[in-house]
>>> print(open('final_2.tsv').read())   # TSV, C-alpha atoms (C1' of nucleotides)
chain	number	residue	atom	x	y	z
A	127	MET	CA	52.66	-56.57	15.53
A	128	THR	CA	53.08	-56.05	19.25
A	129	ALA	CA	56.10	-54.05	20.29
A	130	GLN	CA	57.80	-55.88	23.12
A	131	ARG	CA	60.10	-54.23	25.60
A	132	GLN	CA	63.45	-55.38	26.69
A	133	ALA	CA	65.88	-54.15	29.31
A	134	GLY	CA	68.37	-51.67	27.83
A	135	HIS	CA	70.51	-48.79	28.89
A	136	ASP	CA	68.13	-46.10	27.74
A	137	ASP	CA	65.19	-47.44	29.66
A	138	GLY	CA	63.77	-45.37	32.36
A	139	TRP	CA	61.28	-44.91	29.69
A	140	ALA	CA	61.03	-43.46	26.21
A	141	GLN	CA	62.35	-39.96	25.73
A	142	ARG	CA	59.72	-37.31	25.97
A	143	VAL	CA	58.69	-36.33	22.44
A	144	ARG	CA	59.73	-32.73	21.95
A	145	PRO	CA	57.94	-30.44	19.54
A	146	ALA	CA	60.08	-29.83	16.46
A	147	GLY	CA	61.74	-26.42	16.21
A	148	ALA	CA	61.69	-24.09	13.24
A	149	ALA	CA	64.98	-25.39	11.84
A	150	PHE	CA	63.86	-29.01	11.74
A	151	LEU	CA	60.48	-28.04	10.32
A	152	LEU	CA	62.24	-26.03	7.63
A	153	ALA	CA	64.35	-29.01	6.63
A	154	GLN	CA	61.36	-31.36	6.78
A	155	VAL	CA	58.87	-29.22	4.88
A	156	GLY	CA	61.59	-28.03	2.49
A	157	ALA	CA	62.57	-31.58	1.56
A	158	TYR	CA	58.89	-32.42	1.14
A	159	ALA	CA	58.37	-29.45	-1.17
A	160	ALA	CA	61.44	-30.39	-3.19
A	161	ALA	CA	60.22	-33.98	-3.56
A	162	ARG	CA	56.78	-32.86	-4.77
A	163	PHE	CA	58.38	-30.50	-7.28
A	164	ALA	CA	60.60	-33.33	-8.49
A	165	GLU	CA	57.46	-35.39	-9.14
A	166	ARG	CA	55.94	-32.64	-11.20
A	167	ILE	CA	58.88	-31.93	-13.48
A	168	ASN	CA	59.45	-35.64	-13.88
A	169	GLU	CA	56.68	-35.49	-16.47
A	170	LEU	CA	58.97	-33.22	-18.51
A	171	GLY	CA	61.74	-35.80	-18.26
A	172	LEU	CA	63.67	-33.52	-15.92
A	173	ILE	CA	65.06	-33.74	-12.42
A	174	PRO	CA	65.43	-30.75	-10.08
A	175	ALA	CA	69.09	-30.23	-10.98
A	176	ASP	CA	68.11	-29.87	-14.63
A	177	ALA	CA	65.41	-27.37	-13.80
A	178	GLY	CA	67.83	-25.18	-11.90
A	179	VAL	CA	70.41	-25.15	-14.67
A	180	LEU	CA	67.75	-24.45	-17.27
A	181	ARG	CA	66.49	-21.51	-15.27
A	182	MET	CA	69.97	-20.12	-14.72
A	183	ILE	CA	70.65	-20.20	-18.44
A	184	ALA	CA	67.30	-18.60	-19.20
A	185	THR	CA	67.98	-15.85	-16.71
A	186	ARG	CA	71.41	-15.09	-18.12
A	187	PRO	CA	71.84	-16.49	-21.62
A	188	GLY	CA	75.32	-16.81	-23.01
A	189	ARG	CA	76.97	-17.64	-19.70
A	190	SER	CA	79.75	-20.19	-19.56
A	191	GLN	CA	79.86	-23.57	-17.88
A	192	GLN	CA	82.47	-22.22	-15.49
A	193	SER	CA	80.16	-19.48	-14.26
A	194	LEU	CA	77.47	-22.08	-13.74
A	195	ALA	CA	79.88	-24.27	-11.79
A	196	GLU	CA	80.87	-21.39	-9.53
A	197	GLU	CA	77.36	-20.22	-8.81
A	198	LEU	CA	76.16	-23.75	-8.11
A	199	GLY	CA	79.20	-24.57	-6.04
A	200	VAL	CA	80.01	-27.70	-8.00
A	201	VAL	CA	82.97	-28.95	-9.93
A	202	PRO	CA	83.17	-28.11	-13.65
A	203	SER	CA	83.07	-31.75	-14.68
A	204	ARG	CA	79.64	-32.04	-13.20
A	205	VAL	CA	78.37	-29.16	-15.27
A	206	VAL	CA	79.55	-31.04	-18.33
A	207	ALA	CA	77.24	-33.93	-17.46
A	208	LEU	CA	74.37	-31.60	-16.60
A	209	VAL	CA	74.65	-29.65	-19.86
A	210	ASP	CA	75.29	-32.84	-21.87
A	211	LYS	CA	71.91	-34.13	-20.81
A	212	LEU	CA	70.06	-30.91	-21.57
A	213	GLU	CA	71.81	-30.61	-24.93
A	214	SER	CA	70.99	-34.20	-25.86
A	215	LYS	CA	67.35	-33.47	-25.06
A	216	GLY	CA	67.54	-30.48	-27.38
A	217	LEU	CA	66.86	-27.88	-24.69
A	218	VAL	CA	70.24	-26.16	-24.56
A	219	GLU	CA	72.90	-25.39	-27.15
A	220	ARG	CA	76.62	-24.75	-26.71
A	221	LEU	CA	77.69	-21.86	-28.94
A	222	ARG	CA	81.37	-21.32	-29.54
A	223	ASN	CA	82.63	-17.88	-28.67
A	224	PRO	CA	84.81	-16.68	-31.60
A	225	GLN	CA	86.65	-14.24	-29.33
A	226	ASP	CA	87.75	-16.93	-26.89
A	227	ARG	CA	87.32	-20.40	-28.24
A	228	ARG	CA	88.02	-22.02	-24.91
A	229	ASN	CA	84.57	-21.44	-23.48
A	230	TYR	CA	81.01	-21.99	-24.61
A	231	ALA	CA	78.11	-19.58	-24.47
A	232	LEU	CA	75.08	-21.50	-23.24
A	233	HIS	CA	71.65	-20.74	-24.66
A	234	LEU	CA	68.20	-22.23	-24.58
A	235	THR	CA	66.86	-23.63	-27.82
A	236	ALA	CA	63.30	-22.89	-28.93
A	237	THR	CA	62.28	-26.18	-27.34
A	238	GLY	CA	64.13	-25.24	-24.18
A	239	THR	CA	62.22	-21.99	-24.00
A	240	GLN	CA	58.94	-23.89	-24.36
A	241	ILE	CA	59.93	-26.29	-21.60
A	242	MET	CA	60.78	-23.33	-19.36
A	243	ALA	CA	57.29	-21.97	-19.92
A	244	ARG	CA	55.75	-25.30	-18.95
A	245	MET	CA	57.99	-25.43	-15.90
A	246	ARG	CA	56.65	-22.08	-14.76
A	247	GLY	CA	53.15	-23.44	-14.98
A	248	LEU	CA	54.10	-26.50	-12.97
A	249	ALA	CA	55.88	-24.34	-10.41
A	250	SER	CA	52.80	-22.22	-9.97
A	251	ALA	CA	50.57	-25.24	-9.36
A	252	HIS	CA	53.23	-26.64	-7.03
A	253	GLU	CA	53.28	-23.40	-5.08
A	254	ASP	CA	49.52	-23.56	-4.61
A	255	GLN	CA	49.69	-27.19	-3.49
A	256	ILE	CA	52.40	-26.59	-0.92
A	257	CYS	CA	50.65	-23.54	0.52
A	258	ALA	CA	47.18	-25.11	0.42
A	259	GLY	CA	46.97	-25.09	4.22
A	260	LEU	CA	47.53	-21.33	4.45
A	261	ASP	CA	45.39	-18.34	3.58
A	262	ASP	CA	46.78	-15.54	1.43
A	263	THR	CA	47.93	-13.46	4.38
A	264	GLN	CA	49.79	-16.38	5.91
A	265	ARG	CA	51.33	-17.24	2.57
A	266	ALA	CA	52.71	-13.73	2.19
A	267	GLN	CA	53.89	-13.83	5.79
A	268	LEU	CA	55.73	-17.10	5.23
A	269	THR	CA	57.37	-15.78	2.07
A	270	GLY	CA	58.54	-12.70	3.94
A	271	LEU	CA	60.00	-14.70	6.81
A	272	LEU	CA	61.81	-17.06	4.46
A	273	GLU	CA	63.19	-14.14	2.47
A	274	ALA	CA	64.47	-12.63	5.70
A	275	ILE	CA	66.28	-15.84	6.63
A	276	ALA	CA	67.67	-16.28	3.12
A	277	ALA	CA	68.99	-12.72	3.12
A	278	HIS	CA	70.43	-12.99	6.60
A	279	GLN	CA	72.19	-16.25	5.77
A	280	GLY	CA	73.53	-14.83	2.53
A	281	LEU	CA	71.76	-17.31	0.25
A	282	ALA	CA	72.01	-16.41	-3.42
A	283	PRO	CA	68.54	-15.70	-4.81
A	284	GLY	CA	67.27	-18.58	-6.89
A	285	VAL	CA	70.17	-20.93	-6.17
A	286	HIS	CA	69.21	-24.18	-4.53
A	287	PRO	CA	71.97	-25.48	-2.20
A	288	GLY	CA	71.12	-29.04	-3.17
A	289	TYR	CA	73.82	-29.26	-5.80
A	290	GLN	CA	76.71	-29.31	-3.39
A	291	GLN	CA	77.94	-32.56	-1.96
A	292	ARG	CA	78.21	-33.42	1.71
A	293	PRO	CA	80.93	-31.10	3.03
A	294	ARG	CA	79.52	-27.61	2.56
B	1231	MET	CA	85.62	-12.25	-17.00
B	1232	THR	CA	83.49	-10.49	-19.60
B	1233	ALA	CA	80.30	-12.29	-20.53
B	1234	GLN	CA	79.98	-12.22	-24.27
B	1235	ARG	CA	76.70	-12.59	-26.08
B	1236	GLN	CA	75.97	-14.72	-29.04
B	1237	ALA	CA	72.85	-15.08	-31.14
B	1238	GLY	CA	70.62	-17.88	-29.81
B	1239	HIS	CA	67.02	-18.90	-29.83
B	1240	ASP	CA	66.22	-17.54	-26.41
B	1241	ASP	CA	67.52	-14.10	-27.17
B	1242	GLY	CA	65.13	-11.29	-27.18
B	1243	TRP	CA	66.95	-10.75	-23.99
B	1244	ALA	CA	67.41	-12.46	-20.67
B	1245	GLN	CA	64.30	-13.64	-18.89
B	1246	ARG	CA	63.00	-11.24	-16.34
B	1247	VAL	CA	64.15	-12.44	-12.90
B	1248	ARG	CA	61.06	-13.39	-10.98
B	1249	PRO	CA	60.92	-13.25	-7.20
B	1250	ALA	CA	61.02	-16.75	-5.74
B	1251	GLY	CA	57.74	-18.10	-4.34
B	1252	ALA	CA	57.21	-19.64	-0.94
B	1253	ALA	CA	57.68	-23.18	-2.23
B	1254	PHE	CA	61.08	-22.52	-3.77
B	1255	LEU	CA	62.20	-20.56	-0.72
B	1256	LEU	CA	61.11	-23.46	1.47
B	1257	ALA	CA	63.20	-25.90	-0.54
B	1258	GLN	CA	66.14	-23.52	-0.66
B	1259	VAL	CA	66.20	-22.51	3.00
B	1260	GLY	CA	65.31	-26.05	4.08
B	1261	ALA	CA	68.24	-27.54	2.19
B	1262	TYR	CA	70.48	-24.87	3.64
B	1263	ALA	CA	69.31	-25.64	7.17
B	1264	ALA	CA	69.85	-29.35	6.60
B	1265	ALA	CA	73.37	-28.74	5.31
B	1266	ARG	CA	74.28	-26.60	8.31
B	1267	PHE	CA	72.91	-29.25	10.66
B	1268	ALA	CA	74.94	-31.89	8.84
B	1269	GLU	CA	78.06	-29.83	9.48
B	1270	ARG	CA	77.32	-29.64	13.17
B	1271	ILE	CA	76.70	-33.32	13.82
B	1272	ASN	CA	79.67	-34.19	11.67
B	1273	GLU	CA	81.75	-33.44	14.75
B	1274	LEU	CA	80.00	-36.36	16.44
B	1275	GLY	CA	80.93	-38.59	13.52
B	1276	LEU	CA	77.32	-38.70	12.41
B	1277	ILE	CA	75.39	-37.82	9.27
B	1278	PRO	CA	71.75	-36.62	9.28
B	1279	ALA	CA	70.40	-40.09	8.55
B	1280	ASP	CA	72.15	-41.39	11.68
B	1281	ALA	CA	70.72	-38.59	13.78
B	1282	GLY	CA	67.18	-39.38	12.68
B	1283	VAL	CA	67.49	-43.08	13.42
B	1284	LEU	CA	69.07	-42.38	16.77
B	1285	ARG	CA	66.24	-40.05	17.68
B	1286	MET	CA	63.59	-42.52	16.57
B	1287	ILE	CA	65.10	-45.23	18.73
B	1288	ALA	CA	65.39	-42.86	21.67
B	1289	THR	CA	61.76	-41.85	21.26
B	1290	ARG	CA	60.52	-45.42	21.14
B	1291	PRO	CA	63.10	-47.86	22.52
B	1292	GLY	CA	62.66	-51.51	21.70
B	1293	ARG	CA	61.26	-50.99	18.26
B	1294	SER	CA	62.26	-53.32	15.42
B	1295	GLN	CA	64.23	-52.57	12.28
B	1296	GLN	CA	61.08	-53.26	10.27
B	1297	SER	CA	59.13	-50.57	12.05
B	1298	LEU	CA	61.97	-48.16	11.39
B	1299	ALA	CA	61.99	-49.08	7.70
B	1300	GLU	CA	58.26	-48.49	7.43
B	1301	GLU	CA	58.27	-45.14	9.17
B	1302	LEU	CA	61.25	-43.91	7.20
B	1303	GLY	CA	59.86	-45.23	3.93
B	1304	VAL	CA	63.00	-47.18	3.10
B	1305	VAL	CA	63.79	-50.78	2.35
B	1306	PRO	CA	64.77	-53.05	5.29
B	1307	SER	CA	68.23	-53.72	3.91
B	1308	ARG	CA	69.02	-50.06	4.26
B	1309	VAL	CA	68.11	-50.09	7.93
B	1310	VAL	CA	70.60	-52.90	8.37
B	1311	ALA	CA	73.40	-50.65	7.15
B	1312	LEU	CA	72.16	-47.72	9.21
B	1313	VAL	CA	71.95	-49.74	12.43
B	1314	ASP	CA	75.21	-51.57	11.66
B	1315	LYS	CA	77.02	-48.27	11.69
B	1316	LEU	CA	75.42	-47.04	14.90
B	1317	GLU	CA	76.06	-50.39	16.57
B	1318	SER	CA	79.70	-50.43	15.50
B	1319	LYS	CA	80.08	-46.97	17.01
B	1320	GLY	CA	78.63	-48.33	20.22
B	1321	LEU	CA	75.57	-46.09	20.21
B	1322	VAL	CA	72.87	-48.69	19.61
B	1323	GLU	CA	72.42	-52.31	20.61
B	1324	ARG	CA	70.35	-55.07	19.05
B	1325	LEU	CA	68.62	-57.09	21.74
B	1326	ARG	CA	67.10	-60.43	20.84
B	1327	ASN	CA	63.47	-60.84	21.68
B	1328	PRO	CA	63.04	-64.26	23.40
B	1329	GLN	CA	59.36	-64.41	22.43
B	1330	ASP	CA	60.06	-64.02	18.72
B	1331	ARG	CA	63.66	-64.57	17.85
B	1332	ARG	CA	63.24	-63.27	14.31
B	1333	ASN	CA	63.32	-59.60	15.21
B	1334	TYR	CA	65.52	-57.33	17.25
B	1335	ALA	CA	64.59	-54.76	19.86
B	1336	LEU	CA	66.70	-51.67	19.25
B	1337	HIS	CA	67.98	-49.66	22.20
B	1338	LEU	CA	70.44	-46.87	22.84
B	1339	THR	CA	73.54	-47.72	24.83
B	1340	ALA	CA	74.74	-45.44	27.58
B	1341	THR	CA	77.06	-43.83	25.05
B	1342	GLY	CA	74.19	-43.49	22.62
B	1343	THR	CA	72.18	-41.65	25.25
B	1344	GLN	CA	75.09	-39.28	25.86
B	1345	ILE	CA	75.41	-38.61	22.14
B	1346	MET	CA	71.68	-37.88	21.98
B	1347	ALA	CA	72.13	-35.29	24.71
B	1348	ARG	CA	74.96	-33.64	22.81
B	1349	MET	CA	72.85	-33.70	19.66
B	1350	ARG	CA	70.13	-31.79	21.43
B	1351	GLY	CA	72.64	-29.12	22.37
B	1352	LEU	CA	73.84	-28.88	18.79
B	1353	ALA	CA	70.27	-28.75	17.51
B	1354	SER	CA	69.49	-25.90	19.83
B	1355	ALA	CA	72.48	-23.86	18.65
B	1356	HIS	CA	71.60	-24.74	15.09
B	1357	GLU	CA	68.07	-23.49	15.63
B	1358	ASP	CA	69.37	-20.17	16.90
B	1359	GLN	CA	71.75	-19.82	13.98
B	1360	ILE	CA	69.11	-20.48	11.35
B	1361	CYS	CA	66.63	-18.09	12.94
B	1362	ALA	CA	69.24	-15.42	13.68
B	1363	GLY	CA	67.59	-13.04	11.20
B	1364	LEU	CA	64.23	-13.17	12.98
B	1365	ASP	CA	63.01	-11.79	16.28
B	1366	ASP	CA	61.19	-14.03	18.75
B	1367	THR	CA	57.75	-13.15	17.44
B	1368	GLN	CA	58.72	-13.90	13.87
B	1369	ARG	CA	60.36	-17.13	14.93
B	1370	ALA	CA	57.16	-18.30	16.60
B	1371	GLN	CA	55.17	-17.17	13.58
B	1372	LEU	CA	57.40	-19.15	11.24
B	1373	THR	CA	57.13	-22.25	13.40
B	1374	GLY	CA	53.36	-21.96	13.38
B	1375	LEU	CA	53.14	-21.56	9.63
B	1376	LEU	CA	55.43	-24.53	9.04
B	1377	GLU	CA	53.44	-26.66	11.45
B	1378	ALA	CA	50.29	-25.74	9.57
B	1379	ILE	CA	51.80	-26.83	6.27
B	1380	ALA	CA	53.22	-30.03	7.75
B	1381	ALA	CA	49.83	-30.92	9.24
B	1382	HIS	CA	47.94	-30.08	6.06
B	1383	GLN	CA	50.31	-32.15	3.93
B	1384	GLY	CA	50.14	-35.07	6.33
B	1385	LEU	CA	53.81	-35.08	7.25
B	1386	ALA	CA	54.64	-37.40	10.13
B	1387	PRO	CA	55.99	-35.37	13.06
B	1388	GLY	CA	59.74	-35.69	13.36
B	1389	VAL	CA	60.25	-37.73	10.20
B	1390	HIS	CA	62.49	-36.17	7.62
B	1391	PRO	CA	61.50	-37.11	4.06
B	1392	GLY	CA	65.14	-37.17	3.02
B	1393	TYR	CA	65.51	-40.90	3.47
B	1394	GLN	CA	63.41	-41.88	0.51
B	1395	GLN	CA	64.99	-42.17	-2.90
B	1396	ARG	CA	64.07	-40.15	-5.96
B	1397	PRO	CA	60.63	-41.50	-6.89
B	1398	ARG	CA	58.39	-40.46	-3.99
C	279	DT	C1'	101.60	-20.72	-17.94
C	280	DA	C1'	96.73	-20.17	-17.08
C	281	DT	C1'	91.95	-21.20	-18.28
C	282	DT	C1'	87.85	-23.85	-20.19
C	283	DG	C1'	86.08	-27.80	-20.86
C	284	DT	C1'	86.43	-33.08	-21.14
C	285	DT	C1'	87.42	-37.86	-19.98
C	286	DA	C1'	88.58	-41.69	-16.97
C	287	DT	C1'	88.21	-43.39	-12.61
C	288	DA	C1'	86.90	-44.43	-8.02
C	289	DC	C1'	83.81	-43.92	-4.28
C	290	DT	C1'	79.39	-43.52	-1.95
C	291	DC	C1'	74.65	-44.35	-1.53
C	292	DT	C1'	70.74	-46.96	-2.33
C	293	DA	C1'	67.49	-50.34	-4.17
C	294	DT	C1'	66.69	-55.22	-5.81
C	295	DA	C1'	66.67	-59.79	-5.19
C	296	DA	C1'	68.14	-63.95	-3.29
C	297	DC	C1'	69.07	-65.96	1.01
C	298	DT	C1'	68.95	-67.59	6.35
C	299	DA	C1'	66.61	-68.17	10.58
C	300	DT	C1'	62.70	-68.32	12.84
C	301	DA	C1'	57.71	-68.65	13.33
D	733	DT	C1'	54.03	-70.43	4.12
D	734	DA	C1'	55.07	-65.97	6.10
D	735	DT	C1'	58.12	-62.68	8.51
D	736	DA	C1'	62.63	-60.25	10.32
D	737	DG	C1'	66.80	-59.57	9.05
D	738	DT	C1'	71.03	-60.17	6.03
D	739	DT	C1'	74.10	-60.49	2.03
D	740	DA	C1'	75.44	-59.85	-2.77
D	741	DT	C1'	75.00	-57.13	-6.54
D	742	DA	C1'	74.15	-53.49	-9.70
D	743	DG	C1'	72.97	-48.77	-10.81
D	744	DA	C1'	72.98	-43.78	-10.19
D	745	DG	C1'	75.34	-39.69	-8.84
D	746	DT	C1'	79.36	-37.17	-7.83
D	747	DA	C1'	84.11	-35.75	-6.91
D	748	DT	C1'	89.14	-36.20	-8.19
D	749	DA	C1'	92.65	-35.97	-11.19
D	750	DA	C1'	94.78	-36.23	-15.53
D	751	DC	C1'	94.15	-34.41	-20.06
D	752	DA	C1'	93.33	-31.47	-24.63
D	753	DA	C1'	92.54	-27.23	-26.70
D	754	DT	C1'	92.99	-22.48	-26.57
D	755	DA	C1'	94.71	-18.17	-24.76
>>> encode(input="final_2.tsv", output="structure tokens")
Amino acid sequence: MTAQRQAGHDDGWAQRVRPAGAAFLLAQVGAYAAARFAERINELGLIPADAGVLRMIATRPGRSQQSLAEELGVVPSRVVALVDKLESKGLVERLRNPQDRRNYALHLTATGTQIMARMRGLASAHEDQICAGLDDTQRAQLTGLLEAIAAHQGLAPGVHPGYQQRPR
Amino acid sequence: MTAQRQAGHDDGWAQRVRPAGAAFLLAQVGAYAAARFAERINELGLIPADAGVLRMIATRPGRSQQSLAEELGVVPSRVVALVDKLESKGLVERLRNPQDRRNYALHLTATGTQIMARMRGLASAHEDQICAGLDDTQRAQLTGLLEAIAAHQGLAPGVHPGYQQRPR
DNA sequence: TATTGTTATACTCTATAACTATA
DNA sequence: TATAGTTATAGAGTATAACAATA
């Protein structure tokens, strides 16, 4: 229980604790927000990656797996697994395109559309929970600042970078 | 190249694209910031998890692996692997505690201290890059808002939630 | 030949559980 | 018996590369 000290190279004494900067706070609070959202949609049997794909299909129905792979910055084989899961849960269907039978047109099923509606409700409650420490003015301010950063860094609206693996 | 359409359950037409809320933007920009930071420290041969452990040891030298595991919210066996790596790179040393030979006192080596200094330089540049779209006033505003959320949600200062696995 | 999607495989990360040594 | 740390193992997630079908 007691923390003993021992001679070591670092020891003049502990490093002064610096206040965290905006970038670290962004990563910290962002990861926290993502984890809380993951908890919420877990009750729908989904993980965050599923939610993102579902939303991308809802936003632009009929798109191909390739287009999904490009926008997400992942390899096509991963999209196969992602869509496989959503299809097996009955949320998404692969429709053959008669003009070019190589690709699929992805669509939500009726169930998928219902799940999307529930997800929006969960997202709204999530939003309120995360911003609970702020008043309405501050909340709008925060949104504006984050939008400015996202725009300046060239982040695609609505695309979470969490799909990509380690190197970029 | 042309996106064809196909009859499907979702189709009245595409969902209206909603503006992202603060919570999604937080997760998006936060993950982006984390990824950019990972790129930077990659040149030191480190990944974000290493950086966090290094900083925690620097902040409180002599602490045990157990205390690290608790604060990070991970299982002790994972700390073994984390510290193993840092020790093999010569950044951290395990000192036996003569009073209680069960636990180790973790310390930075001289090299470890140097790496910490370089990390601070990288973090500073990273900070500037992420906030490049904001002026100084906005940057301070953002920091304040994020601190408010972190405090309200009970986030431990300086502890990134990214260590924990999926459930919580 | 080029493109879309799939399968097979290997690799990385992480938790679980059993274990050693010390107390 | 309890605690700090370790090892062995298994599972999940993801990329790579070879492949099949279609153009």
>>> interface_residues(input="final_2.tsv", of="chain D", to="chain A", cutoff="10 Å", atoms="all atoms listed in the file", output="PyMOL selection string")
chain D and resi 745-748+753-755
>>> residues_around(input="final_2.tsv", residues="Gln1295 in chain B", least_positions_apart="3", cutoff="9 Å", atoms="all atoms listed in the file", output="MDAnalysis selection string")
(chainID B and resid 1298:1300 1306 1309:1310 1313 1333:1336) or (chainID D and resid 736:737)
>>> residues_near_point(input="final_2.tsv", point="(54.2, -13.7, -0.5)", cutoff="12 Å", atoms="only C-alpha atoms (C1' of nucleotides)", output="number ranges by chain")
A: 253-254, 257, 260-273; B: 1249-1255
>>> interface_residues(input="final_2.tsv", of="chain C", to="chain B", cutoff="12 Å", atoms="only C-alpha atoms (C1' of nucleotides)", output="ChimeraX atom specification")
/C:281,291-295,298-301
>>> atom_distance(input="final_2.tsv", atom1="CA of Asp1280 in chain B", atom2="CA of Gly1260 in chain B")
18.4 Å
>>> interface_residues(input="final_2.tsv", of="chain B", to="chain A", cutoff="7 Å", atoms="all atoms listed in the file", output="PyMOL selection string")
chain B and resi 1233-1236+1238-1240+1244-1247+1250-1253+1255-1265+1288-1293+1335+1337-1340+1343+1357+1360-1361+1363+1372-1373+1375-1376+1378-1380+1382+1388+1390-1392+1398
>>> atom_distance(input="final_2.tsv", atom1="CA of Leu198 in chain A", atom2="C1' of DA288 in chain C")
23.3 Å
>>> atom_distance(input="final_2.tsv", atom1="CA of Pro174 in chain A", atom2="CA of Arg246 in chain A")
13.2 Å
>>> build_atoms(input="final_2.tsv", residues="range 1335-1341 of chain B", atoms="all heavy atoms", output="mmCIF file, keeping the file's coordinate frame")
data_model
loop_
_atom_site.group_PDB
_atom_site.id
_atom_site.type_symbol
_atom_site.label_atom_id
_atom_site.label_comp_id
_atom_site.auth_asym_id
_atom_site.auth_seq_id
_atom_site.Cartn_x
_atom_site.Cartn_y
_atom_site.Cartn_z
ATOM 1 N N ALA B 1335 65.072 -55.966 19.190
ATOM 2 C CA ALA B 1335 64.590 -54.760 19.860
ATOM 3 C C ALA B 1335 65.768 -53.805 19.913
ATOM 4 O O ALA B 1335 66.813 -54.129 20.479
ATOM 5 C CB ALA B 1335 64.087 -55.096 21.259
ATOM 6 N N LEU B 1336 65.604 -52.641 19.326
ATOM 7 C CA LEU B 1336 66.700 -51.670 19.250
ATOM 8 C C LEU B 1336 66.679 -50.742 20.460
ATOM 9 O O LEU B 1336 65.617 -50.239 20.863
ATOM 10 C CB LEU B 1336 66.583 -50.843 17.969
ATOM 11 C CG LEU B 1336 66.613 -51.652 16.672
ATOM 12 C CD1 LEU B 1336 66.331 -50.764 15.466
ATOM 13 C CD2 LEU B 1336 67.933 -52.381 16.511
ATOM 14 N N HIS B 1337 67.845 -50.539 21.028
ATOM 15 C CA HIS B 1337 67.980 -49.660 22.200
ATOM 16 C C HIS B 1337 69.235 -48.807 22.074
ATOM 17 O O HIS B 1337 70.196 -49.212 21.425
ATOM 18 C CB HIS B 1337 68.097 -50.500 23.479
ATOM 19 C CG HIS B 1337 66.860 -51.220 23.834
ATOM 20 N ND1 HIS B 1337 65.868 -50.684 24.608
ATOM 21 C CD2 HIS B 1337 66.431 -52.459 23.479
ATOM 22 C CE1 HIS B 1337 64.893 -51.560 24.745
ATOM 23 N NE2 HIS B 1337 65.198 -52.645 24.066
ATOM 24 N N LEU B 1338 69.219 -47.659 22.730
ATOM 25 C CA LEU B 1338 70.440 -46.870 22.840
ATOM 26 C C LEU B 1338 71.308 -47.467 23.931
ATOM 27 O O LEU B 1338 70.807 -47.964 24.939
ATOM 28 C CB LEU B 1338 70.116 -45.418 23.199
ATOM 29 C CG LEU B 1338 69.323 -44.586 22.203
ATOM 30 C CD1 LEU B 1338 69.344 -43.118 22.625
ATOM 31 C CD2 LEU B 1338 69.869 -44.724 20.803
ATOM 32 N N THR B 1339 72.611 -47.394 23.743
ATOM 33 C CA THR B 1339 73.540 -47.720 24.830
ATOM 34 C C THR B 1339 73.702 -46.474 25.694
ATOM 35 O O THR B 1339 73.151 -45.423 25.384
ATOM 36 C CB THR B 1339 74.918 -48.088 24.255
ATOM 37 O OG1 THR B 1339 75.418 -46.942 23.567
ATOM 38 C CG2 THR B 1339 74.820 -49.251 23.297
ATOM 39 N N ALA B 1340 74.471 -46.613 26.748
ATOM 40 C CA ALA B 1340 74.740 -45.440 27.580
ATOM 41 C C ALA B 1340 75.434 -44.364 26.754
ATOM 42 O O ALA B 1340 75.078 -43.172 26.807
ATOM 43 C CB ALA B 1340 75.633 -45.836 28.759
ATOM 44 N N THR B 1341 76.391 -44.782 25.934
ATOM 45 C CA THR B 1341 77.060 -43.830 25.050
ATOM 46 C C THR B 1341 76.076 -43.183 24.092
ATOM 47 O O THR B 1341 76.126 -41.971 23.844
ATOM 48 C CB THR B 1341 78.163 -44.544 24.237
ATOM 49 O OG1 THR B 1341 79.008 -45.273 25.127
ATOM 50 C CG2 THR B 1341 78.989 -43.545 23.457
#
